[in-house]
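Peer 1: Below is the file query24.csv, which contains CSV, C-alpha atoms.
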```
chain,number,residue,atom,x,y,z
A,108,MET,CA,80.5,9.8,-65.4
A,109,THR,CA,80.8,8.3,-62.0
A,110,ASP,CA,78.0,9.3,-59.6
A,111,PRO,CA,79.8,10.9,-56.5
A,112,THR,CA,76.7,10.5,-54.3
A,113,PRO,CA,77.4,8.0,-51.5
A,114,ARG,CA,75.3,4.8,-51.8
A,115,VAL,CA,73.3,4.2,-48.7
A,116,PRO,CA,72.5,0.5,-48.5
A,117,PRO,CA,68.9,-0.5,-47.9
A,118,PRO,CA,68.2,-1.7,-44.4
A,119,LEU,CA,68.5,-5.4,-44.3
A,120,ILE,CA,65.8,-7.0,-42.2
A,121,ILE,CA,66.9,-10.5,-41.1
A,122,PRO,CA,64.8,-12.7,-38.9
A,123,SER,CA,66.2,-15.2,-36.4
A,124,VAL,CA,64.4,-18.6,-36.6
A,125,LEU,CA,65.0,-19.2,-32.9
A,126,PRO,CA,61.3,-18.4,-32.1
A,127,ALA,CA,60.0,-20.6,-34.9
A,128,ASP,CA,57.8,-23.7,-34.5
A,129,PHE,CA,60.4,-26.3,-35.2
A,130,ALA,CA,57.7,-28.9,-36.0
A,131,ARG,CA,56.8,-26.9,-39.1
A,132,LEU,CA,60.1,-25.3,-39.9
A,133,GLY,CA,59.7,-25.6,-43.7
A,134,ASP,CA,56.5,-23.6,-43.5
A,135,GLU,CA,58.1,-21.1,-41.2
A,136,ILE,CA,60.9,-20.5,-43.7
A,137,ARG,CA,58.4,-20.0,-46.5
A,138,ASP,CA,56.4,-17.5,-44.4
A,139,LEU,CA,59.5,-15.5,-43.7
A,140,CYS,CA,60.4,-15.4,-47.4
A,141,ASP,CA,56.9,-14.3,-48.2
A,142,ALA,CA,57.2,-11.5,-45.6
A,143,GLY,CA,60.0,-9.9,-47.6
A,144,VAL,CA,63.0,-10.6,-45.4
A,145,ASP,CA,66.5,-10.2,-46.8
A,146,ARG,CA,68.2,-13.1,-45.2
A,147,ILE,CA,67.5,-15.7,-42.5
A,148,GLN,CA,69.7,-16.1,-39.4
A,149,TRP,CA,70.3,-19.4,-37.6
A,150,ASP,CA,71.5,-19.0,-34.0
A,151,VAL,CA,73.8,-21.9,-33.5
A,152,MET,CA,74.4,-22.6,-29.8
A,153,ASP,CA,76.5,-25.3,-28.3
A,154,GLY,CA,75.6,-25.4,-24.6
A,155,VAL,CA,79.2,-24.2,-23.8
A,156,PHE,CA,79.8,-20.7,-25.1
A,157,VAL,CA,76.1,-20.1,-24.3
A,158,PRO,CA,73.7,-22.2,-22.2
A,159,ASN,CA,71.3,-23.4,-24.9
A,160,LEU,CA,71.6,-26.0,-27.7
A,161,THR,CA,70.0,-25.3,-31.1
A,162,PHE,CA,70.6,-26.0,-34.8
A,163,GLY,CA,73.0,-28.5,-36.4
A,164,PRO,CA,74.1,-28.2,-40.0
A,165,ASP,CA,71.9,-31.1,-41.2
A,166,MET,CA,68.8,-29.2,-40.1
A,167,ILE,CA,69.9,-26.0,-41.9
A,168,ALA,CA,70.8,-28.0,-45.1
A,169,ALA,CA,67.3,-29.6,-45.0
A,170,ALA,CA,65.7,-26.2,-44.7
A,171,GLN,CA,67.4,-24.8,-47.9
A,172,GLN,CA,64.7,-26.2,-50.2
A,173,TYR,CA,62.1,-24.0,-48.5
A,174,SER,CA,64.0,-20.7,-48.8
A,175,ARG,CA,64.3,-18.1,-51.5
A,176,VAL,CA,66.8,-16.0,-49.5
A,177,ALA,CA,70.3,-16.7,-48.2
A,178,PHE,CA,71.1,-18.2,-44.8
A,179,GLU,CA,73.6,-16.9,-42.3
A,180,ALA,CA,74.9,-18.9,-39.4
A,181,HIS,CA,75.7,-17.1,-36.1
A,182,LEU,CA,78.0,-19.6,-34.4
A,183,MET,CA,77.7,-19.0,-30.6
A,184,VAL,CA,80.1,-21.8,-29.9
A,185,ALA,CA,83.3,-22.3,-28.1
A,186,ASN,CA,85.3,-23.9,-30.9
A,187,PRO,CA,84.0,-22.5,-34.2
A,188,ASP,CA,87.0,-23.6,-36.3
A,189,GLU,CA,85.9,-27.2,-35.9
A,190,LEU,CA,82.5,-26.5,-37.4
A,191,LEU,CA,83.1,-24.0,-40.1
A,192,SER,CA,83.2,-26.4,-43.0
A,193,ARG,CA,80.0,-28.1,-41.8
A,194,TYR,CA,77.9,-24.9,-41.9
A,195,ALA,CA,79.5,-23.9,-45.2
A,196,ASP,CA,78.5,-27.3,-46.7
A,197,ALA,CA,75.0,-26.8,-45.2
A,198,GLY,CA,74.6,-23.8,-47.6
A,199,CYS,CA,75.1,-20.8,-45.3
A,200,GLU,CA,76.4,-17.9,-47.4
A,201,LEU,CA,77.7,-16.1,-44.3
A,202,ILE,CA,79.2,-17.5,-41.2
A,203,ILE,CA,79.6,-15.4,-38.1
A,204,VAL,CA,82.0,-16.3,-35.3
A,205,HIS,CA,82.4,-14.6,-31.9
A,206,ALA,CA,85.6,-12.7,-31.4
A,207,GLU,CA,85.6,-13.9,-27.8
A,208,ALA,CA,85.7,-17.5,-28.9
A,209,CYS,CA,88.6,-17.2,-31.4
A,210,PRO,CA,92.1,-17.0,-30.1
A,211,HIS,CA,93.3,-16.6,-33.7
A,212,LEU,CA,90.5,-14.4,-35.1
A,213,HIS,CA,92.3,-13.3,-38.3
A,214,ARG,CA,93.0,-16.9,-39.2
A,215,THR,CA,89.5,-18.0,-38.5
A,216,LEU,CA,87.9,-15.3,-40.7
A,217,ALA,CA,90.3,-16.1,-43.5
A,218,ARG,CA,89.4,-19.7,-43.3
A,219,ILE,CA,85.7,-18.9,-43.6
A,220,ARG,CA,86.4,-17.1,-46.9
A,221,ASP,CA,88.6,-19.9,-48.0
A,222,LEU,CA,85.5,-22.1,-47.7
A,223,GLY,CA,83.8,-19.9,-50.3
A,224,VAL,CA,81.4,-18.0,-48.0
A,225,ARG,CA,81.4,-14.6,-46.4
A,226,SER,CA,82.9,-14.0,-43.0
A,227,GLY,CA,81.4,-12.2,-40.0
A,228,VAL,CA,82.6,-11.4,-36.5
A,229,ALA,CA,80.3,-10.9,-33.5
A,230,LEU,CA,81.0,-8.9,-30.4
A,231,ASN,CA,79.2,-9.4,-27.1
A,232,PRO,CA,77.8,-6.2,-25.4
A,233,HIS,CA,80.9,-5.8,-23.1
A,234,THR,CA,83.5,-6.4,-25.9
A,235,PRO,CA,85.1,-3.2,-27.2
A,236,ALA,CA,85.0,-2.3,-30.8
A,237,GLY,CA,88.7,-2.1,-31.1
A,238,LEU,CA,89.0,-5.9,-30.9
A,239,VAL,CA,88.1,-6.1,-34.6
A,240,GLU,CA,90.2,-3.1,-35.8
A,241,HIS,CA,93.0,-5.3,-37.2
A,242,VAL,CA,90.8,-7.9,-38.9
A,243,LEU,CA,88.7,-5.6,-41.1
A,244,THR,CA,90.4,-6.8,-44.3
A,245,GLU,CA,89.2,-10.4,-43.5
A,246,THR,CA,85.7,-9.4,-42.5
A,247,ASP,CA,82.5,-9.0,-44.5
A,248,LEU,CA,80.2,-8.2,-41.6
A,249,ILE,CA,80.5,-7.1,-38.0
A,250,LEU,CA,77.7,-8.0,-35.6
A,251,ALA,CA,77.2,-5.9,-32.5
A,252,MET,CA,75.2,-7.9,-30.0
A,253,THR,CA,72.5,-5.7,-28.3
A,254,VAL,CA,71.7,-8.4,-25.8
A,255,ASN,CA,73.9,-11.1,-24.2
A,256,PRO,CA,73.8,-14.1,-26.5
A,257,GLY,CA,72.1,-17.4,-25.6
A,258,PHE,CA,68.4,-16.6,-25.2
A,259,GLY,CA,65.6,-15.1,-27.3
A,260,GLY,CA,63.2,-12.4,-26.0
A,261,GLN,CA,65.7,-10.3,-24.1
A,262,LYS,CA,65.6,-6.6,-23.7
A,263,TYR,CA,67.6,-4.3,-26.0
A,264,ILE,CA,70.7,-2.8,-24.4
A,265,PRO,CA,70.8,0.9,-25.5
A,266,ALA,CA,74.4,1.4,-24.2
A,267,VAL,CA,75.7,-0.7,-27.1
A,268,GLU,CA,74.7,2.1,-29.6
A,269,THR,CA,77.9,3.9,-28.6
A,270,LYS,CA,79.9,0.9,-29.8
A,271,VAL,CA,77.8,0.7,-33.0
A,272,ALA,CA,78.7,4.3,-33.8
A,273,GLN,CA,82.4,3.5,-33.1
A,274,LEU,CA,82.2,0.5,-35.5
A,275,ARG,CA,80.4,2.6,-38.1
A,276,ARG,CA,83.3,5.2,-38.1
A,277,MET,CA,85.9,2.4,-38.2
A,278,ILE,CA,84.2,0.8,-41.2
A,279,ASP,CA,83.7,4.1,-43.0
A,280,GLU,CA,87.4,5.0,-42.5
A,281,SER,CA,88.5,1.7,-43.8
A,282,GLY,CA,86.6,2.1,-47.1
A,283,LEU,CA,85.7,-1.6,-47.0
A,284,PRO,CA,82.2,-2.8,-47.9
A,285,ILE,CA,81.5,-4.3,-44.5
A,286,GLU,CA,77.9,-4.7,-43.2
A,287,LEU,CA,77.2,-3.6,-39.7
A,288,GLU,CA,74.6,-5.8,-38.1
A,289,VAL,CA,72.8,-5.6,-34.7
A,290,ASP,CA,71.1,-8.5,-32.9
A,291,GLY,CA,69.0,-8.6,-29.8
A,292,GLY,CA,65.8,-7.0,-28.7
A,293,ILE,CA,65.2,-5.3,-32.1
A,294,THR,CA,61.6,-3.9,-32.4
A,295,ALA,CA,60.0,-1.0,-34.2
A,296,ALA,CA,60.9,1.1,-31.1
A,297,THR,CA,64.5,0.0,-30.6
A,298,ILE,CA,65.6,-0.2,-34.2
A,299,SER,CA,65.7,3.6,-34.5
A,300,GLY,CA,68.5,4.0,-32.0
A,301,ALA,CA,70.6,1.2,-33.7
A,302,ALA,CA,70.0,2.8,-37.2
A,303,ALA,CA,70.9,6.3,-36.0
A,304,ALA,CA,74.1,4.8,-34.6
A,305,GLY,CA,75.0,3.5,-38.0
A,306,ALA,CA,73.8,-0.1,-38.3
A,307,ASP,CA,72.5,-1.3,-41.7
A,308,ALA,CA,71.4,-4.9,-41.0
A,309,PHE,CA,69.0,-5.8,-38.2
A,310,ILE,CA,68.1,-9.1,-36.7
A,311,SER,CA,64.6,-9.4,-35.3
A,312,GLY,CA,63.2,-12.5,-33.6
A,313,SER,CA,60.6,-12.7,-30.9
A,314,TRP,CA,59.1,-9.3,-31.7
A,315,MET,CA,58.7,-10.2,-35.4
A,316,TYR,CA,57.0,-13.5,-34.6
A,317,ALA,CA,54.7,-11.9,-32.1
A,318,HIS,CA,53.6,-9.0,-34.3
A,319,PRO,CA,49.7,-8.9,-34.2
A,320,ASP,CA,49.5,-8.2,-37.9
A,321,GLY,CA,52.0,-10.9,-39.0
A,322,LYS,CA,55.5,-11.1,-40.2
A,323,ALA,CA,55.1,-9.0,-43.4
A,324,ALA,CA,53.7,-6.1,-41.4
A,325,ALA,CA,56.6,-6.4,-38.9
A,326,VAL,CA,59.2,-6.3,-41.8
A,327,LYS,CA,57.4,-3.3,-43.3
A,328,GLU,CA,57.3,-1.5,-39.9
A,329,LEU,CA,61.0,-2.1,-39.3
A,330,ARG,CA,62.0,-0.8,-42.7
A,331,ALA,CA,59.9,2.3,-42.2
A,332,ALA,CA,61.5,3.0,-38.9
A,333,VAL,CA,65.0,2.9,-40.4
A,334,ASP,CA,64.0,5.0,-43.4
A,335,ALA,CA,62.5,7.6,-41.0
A,336,VAL,CA,65.8,7.8,-39.2
A,337,ARG,CA,67.8,8.1,-42.4
A,338,ASN,CA,65.5,10.8,-43.7
A,339,GLU,CA,65.8,12.8,-40.5
A,340,VAL,CA,69.6,12.6,-40.6
A,341,ALA,CA,69.7,13.6,-44.3
A,342,ALA,CA,67.4,16.6,-43.7
```
How does the structure come out when it is put into structure tokens?

Peer 2:
Amino acid sequence: MTDPTPRVPPPLIIPSVLPADFARLGDEIRDLCDAGVDRIQWDVMDGVFVPNLTFGPDMIAAAQQYSRVAFEAHLMVANPDELLSRYADAGCELIIVHAEACPHLHRTLARIRDLGVRSGVALNPHTPAGLVEHVLTETDLILAMTVNPGFGGQKYIPAVETKVAQLRRMIDESGLPIELEVDGGITAATISGAAAAGADAFISGSWMYAHPDGKAAAVKELRAAVDAVRNEVAA
């Protein structure tokens, strides 16, 4: 007999490596895996779509040998279509592009899947949820940015929670297995609002690295905060 009880996915805790010590990146990747993270995110910046420059595909490919979890590439770039195959070849199991950077978003997401990896679409804080309404069938993940992209250590924007809730309803009504991720200013204090709005995957960077008790304690604290919200909603 099929269990009619809805399956609530476990909260996915995903660190950004942006605050890492790049001189010892292999050790940093091992430390994150040992801390119990679910995936690792690479914030790829091109100096055009956002001001900074960060990770190329060769660096990500070289880091694969140190990881026991999957990599996702968050392409904060102006021309993502030109780079998709490079990051797929680097071993990223999920590639996220920005809706704002893709004039033909449906085609871009379909191409990511054609490369044999999962597709994701990110929305800047000001971008409305409806922009992805017609590409859900080509999407495995939607990322709602809770800061403006381009820099680590920014403050969480609570107003985005309204959009997260809209995306949650959109996903649920579609019946599709799409993850809903948030990224920017995620801490043990801010994660509760994002979780209550319906997010199930959470990127944490600066706060996780700065946790006084280490990364494993940070991961545990984030999971506990999400579980507390879910238990309160279920009660």

Peer 1: May I ask for the distance between CA of Val242 (chain A) and CA of Glu286 (chain A), given in Å to one decimal place?

Peer 2: 14.0 Å

Peer 1: Give me the residues within 10 Å of Asp138 (chain A) as a ChimeraX atom specification, counting only C-alpha atoms and dropping any in the same chain fewer than 6 places off.

Peer 2: /A:132,144,173-174,321-323

Peer 1: From the options A:Ala335, A:Met152, A:Phe258, A:Leu212, which residue's atoms come nearest to Pro126 (chain A), counting all atoms listed in the file?

Peer 2: A:Phe258

Peer 1: Which is closer to Arg330 (chain A) than all the others in A:Val155, A:Thr294, A:Gly305, A:Gly133, using only C-alpha atoms?

Peer 2: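 Once distances to Arg330 (chain A) are computed over only C-alpha atoms, the minimum belongs to A:Thr294.
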
Peer 1: How many Å lie between CA of Ile249 (chain A) and CA of Ile147 (chain A), rounded to one decimal?

Peer 2: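 Atom-to-atom, CA of Ile249 (chain A) and CA of Ile147 (chain A) are spaced 16.2 Å apart.
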
Peer 1: If you measure from CA of Val184 (chain A) to CA of Arg137 (chain A), what distance in Å do you get, rounded to one decimal?

Peer 2: 27.4 Å

Peer 1: Between A:Ser192, A:Thr244, A:Gln261, A:Thr234, which residue has the minimum interatomic distance to Ile278 (chain A), considering all atoms listed in the file?

Peer 2: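 Smallest separation from Ile278 (chain A) among the options: A:Thr244.
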
Peer 1: Show me as a tab-separated table (two decimals) with C-alpha atoms, in the coordinates of the input the residues that reach within 12 Å of (81.6, -15.2, -31.6), counting only C-alpha atoms and using the file's own coordinates.

Peer 2:
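Output contents, as saved in out-v2.tsv:
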```tsv
chain	number	residue	atom	x	y	z
A	150	ASP	CA	71.50	-19.00	-34.00
A	151	VAL	CA	73.80	-21.90	-33.50
A	152	MET	CA	74.40	-22.60	-29.80
A	153	ASP	CA	76.50	-25.30	-28.30
A	156	PHE	CA	79.80	-20.70	-25.10
A	157	VAL	CA	76.10	-20.10	-24.30
A	180	ALA	CA	74.90	-18.90	-39.40
A	181	HIS	CA	75.70	-17.10	-36.10
A	182	LEU	CA	78.00	-19.60	-34.40
A	183	MET	CA	77.70	-19.00	-30.60
A	184	VAL	CA	80.10	-21.80	-29.90
A	185	ALA	CA	83.30	-22.30	-28.10
A	186	ASN	CA	85.30	-23.90	-30.90
A	187	PRO	CA	84.00	-22.50	-34.20
A	188	ASP	CA	87.00	-23.60	-36.30
A	202	ILE	CA	79.20	-17.50	-41.20
A	203	ILE	CA	79.60	-15.40	-38.10
A	204	VAL	CA	82.00	-16.30	-35.30
A	205	HIS	CA	82.40	-14.60	-31.90
A	206	ALA	CA	85.60	-12.70	-31.40
A	207	GLU	CA	85.60	-13.90	-27.80
A	208	ALA	CA	85.70	-17.50	-28.90
A	209	CYS	CA	88.60	-17.20	-31.40
A	210	PRO	CA	92.10	-17.00	-30.10
A	211	HIS	CA	93.30	-16.60	-33.70
A	212	LEU	CA	90.50	-14.40	-35.10
A	215	THR	CA	89.50	-18.00	-38.50
A	216	LEU	CA	87.90	-15.30	-40.70
A	226	SER	CA	82.90	-14.00	-43.00
A	227	GLY	CA	81.40	-12.20	-40.00
A	228	VAL	CA	82.60	-11.40	-36.50
A	229	ALA	CA	80.30	-10.90	-33.50
A	230	LEU	CA	81.00	-8.90	-30.40
A	231	ASN	CA	79.20	-9.40	-27.10
A	232	PRO	CA	77.80	-6.20	-25.40
A	234	THR	CA	83.50	-6.40	-25.90
A	238	LEU	CA	89.00	-5.90	-30.90
A	239	VAL	CA	88.10	-6.10	-34.60
A	249	ILE	CA	80.50	-7.10	-38.00
A	250	LEU	CA	77.70	-8.00	-35.60
A	251	ALA	CA	77.20	-5.90	-32.50
A	252	MET	CA	75.20	-7.90	-30.00
A	255	ASN	CA	73.90	-11.10	-24.20
A	256	PRO	CA	73.80	-14.10	-26.50
A	257	GLY	CA	72.10	-17.40	-25.60
```

Peer 1: Out of A:Gly292, A:Gly198, A:Gly143, A:Gly237, which residue has the shortest atom-to-atom distance to Arg275 (chain A) when counting only C-alpha atoms?

Peer 2: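 Smallest separation from Arg275 (chain A) among the options: A:Gly237.
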
Peer 1: Which is closer to Val326 (chain A) than all the others in A:Ala142, A:Lys262, A:Asp134, A:Ala304, using only C-alpha atoms?

Peer 2: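 Result for the nearest residue to Val326 (chain A): A:Ala142.
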
Peer 1: Point out the residue among A:Ala302, A:Ile285, A:Ile264, A:Ala170 with the least atom-to-atom distance to Arg225 (chain A), counting all atoms listed in the file.

Peer 2: A:Ile285

Peer 1: May I have the residues within 12 Å of Ala177 (chain A) as a list in words, using all atoms listed in the file and disregarding those fewer than 5 positions away in the same chain?

Peer 2: Ile121, Pro122, Ile136, Leu139, Cys140, Val144, Asp145, Arg146, Ile147, Gln148, Trp149, Ile167, Ala168, Ala170, Gln171, Gln172, Ala197, Gly198, Cys199, Glu200, Leu201, Ile202, Val224 and Arg225 of chain A

Peer 1: What would region 111-142 of chain A look like with N, CA and C atoms restored, written as a JSON list (two decimals), in the coordinates of the input?

Peer 2:
```
[["chain", "number", "residue", "atom", "x", "y", "z"],
["A", 111, "PRO", "N", 79.06, 10.74, -57.80],
["A", 111, "PRO", "CA", 79.80, 10.90, -56.50],
["A", 111, "PRO", "C", 78.93, 10.77, -55.30],
["A", 112, "THR", "N", 77.61, 10.61, -55.48],
["A", 112, "THR", "CA", 76.70, 10.50, -54.30],
["A", 112, "THR", "C", 76.95, 9.20, -53.60],
["A", 113, "PRO", "N", 77.18, 9.24, -52.28],
["A", 113, "PRO", "CA", 77.40, 8.00, -51.50],
["A", 113, "PRO", "C", 76.15, 7.10, -51.62],
["A", 114, "ARG", "N", 76.40, 5.81, -51.77],
["A", 114, "ARG", "CA", 75.30, 4.80, -51.80],
["A", 114, "ARG", "C", 74.96, 4.36, -50.43],
["A", 115, "VAL", "N", 73.74, 4.63, -50.01],
["A", 115, "VAL", "CA", 73.30, 4.20, -48.70],
["A", 115, "VAL", "C", 72.59, 2.84, -48.90],
["A", 116, "PRO", "N", 73.12, 1.77, -48.31],
["A", 116, "PRO", "CA", 72.50, 0.50, -48.50],
["A", 116, "PRO", "C", 71.11, 0.41, -47.92],
["A", 117, "PRO", "N", 70.20, -0.31, -48.55],
["A", 117, "PRO", "CA", 68.90, -0.50, -47.90],
["A", 117, "PRO", "C", 69.00, -1.19, -46.62],
["A", 118, "PRO", "N", 68.12, -0.91, -45.68],
["A", 118, "PRO", "CA", 68.20, -1.70, -44.40],
["A", 118, "PRO", "C", 67.90, -3.14, -44.69],
["A", 119, "LEU", "N", 68.74, -3.99, -44.17],
["A", 119, "LEU", "CA", 68.50, -5.40, -44.30],
["A", 119, "LEU", "C", 67.80, -5.94, -43.08],
["A", 120, "ILE", "N", 66.64, -6.50, -43.30],
["A", 120, "ILE", "CA", 65.80, -7.00, -42.20],
["A", 120, "ILE", "C", 65.96, -8.55, -42.24],
["A", 121, "ILE", "N", 66.49, -9.08, -41.14],
["A", 121, "ILE", "CA", 66.90, -10.50, -41.10],
["A", 121, "ILE", "C", 66.29, -11.14, -39.86],
["A", 122, "PRO", "N", 65.37, -12.06, -40.03],
["A", 122, "PRO", "CA", 64.80, -12.70, -38.90],
["A", 122, "PRO", "C", 65.68, -13.83, -38.34],
["A", 123, "SER", "N", 65.64, -14.01, -37.05],
["A", 123, "SER", "CA", 66.20, -15.20, -36.40],
["A", 123, "SER", "C", 65.08, -16.27, -36.41],
["A", 124, "VAL", "N", 65.44, -17.51, -36.67],
["A", 124, "VAL", "CA", 64.40, -18.60, -36.60],
["A", 124, "VAL", "C", 64.30, -19.19, -35.23],
["A", 125, "LEU", "N", 64.99, -18.61, -34.27],
["A", 125, "LEU", "CA", 65.00, -19.20, -32.90],
["A", 125, "LEU", "C", 63.54, -19.28, -32.35],
["A", 126, "PRO", "N", 62.62, -18.29, -32.62],
["A", 126, "PRO", "CA", 61.30, -18.40, -32.10],
["A", 126, "PRO", "C", 60.34, -19.29, -32.92],
["A", 127, "ALA", "N", 60.84, -19.88, -34.00],
["A", 127, "ALA", "CA", 60.00, -20.60, -34.90],
["A", 127, "ALA", "C", 59.42, -21.88, -34.30],
["A", 128, "ASP", "N", 58.34, -22.37, -34.89],
["A", 128, "ASP", "CA", 57.80, -23.70, -34.50],
["A", 128, "ASP", "C", 58.62, -24.72, -35.27],
["A", 129, "PHE", "N", 59.49, -25.42, -34.56],
["A", 129, "PHE", "CA", 60.40, -26.30, -35.20],
["A", 129, "PHE", "C", 59.70, -27.53, -35.84],
["A", 130, "ALA", "N", 58.48, -27.81, -35.40],
["A", 130, "ALA", "CA", 57.70, -28.90, -36.00],
["A", 130, "ALA", "C", 57.24, -28.61, -37.38],
["A", 131, "ARG", "N", 57.22, -27.34, -37.73],
["A", 131, "ARG", "CA", 56.80, -26.90, -39.10],
["A", 131, "ARG", "C", 57.80, -25.94, -39.67],
["A", 132, "LEU", "N", 59.06, -26.29, -39.55],
["A", 132, "LEU", "CA", 60.10, -25.30, -39.90],
["A", 132, "LEU", "C", 60.11, -24.96, -41.37],
["A", 133, "GLY", "N", 59.80, -25.90, -42.25],
["A", 133, "GLY", "CA", 59.70, -25.60, -43.70],
["A", 133, "GLY", "C", 58.71, -24.49, -43.96],
["A", 134, "ASP", "N", 57.53, -24.62, -43.36],
["A", 134, "ASP", "CA", 56.50, -23.60, -43.50],
["A", 134, "ASP", "C", 56.92, -22.27, -42.94],
["A", 135, "GLU", "N", 57.61, -22.33, -41.80],
["A", 135, "GLU", "CA", 58.10, -21.10, -41.20],
["A", 135, "GLU", "C", 59.07, -20.37, -42.10],
["A", 136, "ILE", "N", 59.96, -21.11, -42.74],
["A", 136, "ILE", "CA", 60.90, -20.50, -43.70],
["A", 136, "ILE", "C", 60.19, -19.87, -44.85],
["A", 137, "ARG", "N", 59.21, -20.57, -45.39],
["A", 137, "ARG", "CA", 58.40, -20.00, -46.50],
["A", 137, "ARG", "C", 57.72, -18.73, -46.07],
["A", 138, "ASP", "N", 57.14, -18.73, -44.88],
["A", 138, "ASP", "CA", 56.40, -17.50, -44.40],
["A", 138, "ASP", "C", 57.37, -16.35, -44.27],
["A", 139, "LEU", "N", 58.58, -16.58, -43.80],
["A", 139, "LEU", "CA", 59.50, -15.50, -43.70],
["A", 139, "LEU", "C", 59.91, -14.93, -45.06],
["A", 140, "CYS", "N", 60.12, -15.82, -46.02],
["A", 140, "CYS", "CA", 60.40, -15.40, -47.40],
["A", 140, "CYS", "C", 59.28, -14.54, -47.95],
["A", 141, "ASP", "N", 58.06, -15.02, -47.74],
["A", 141, "ASP", "CA", 56.90, -14.30, -48.20],
["A", 141, "ASP", "C", 56.73, -12.94, -47.56],
["A", 142, "ALA", "N", 57.25, -12.81, -46.34],
["A", 142, "ALA", "CA", 57.20, -11.50, -45.60],
["A", 142, "ALA", "C", 58.13, -10.50, -46.12]]
```
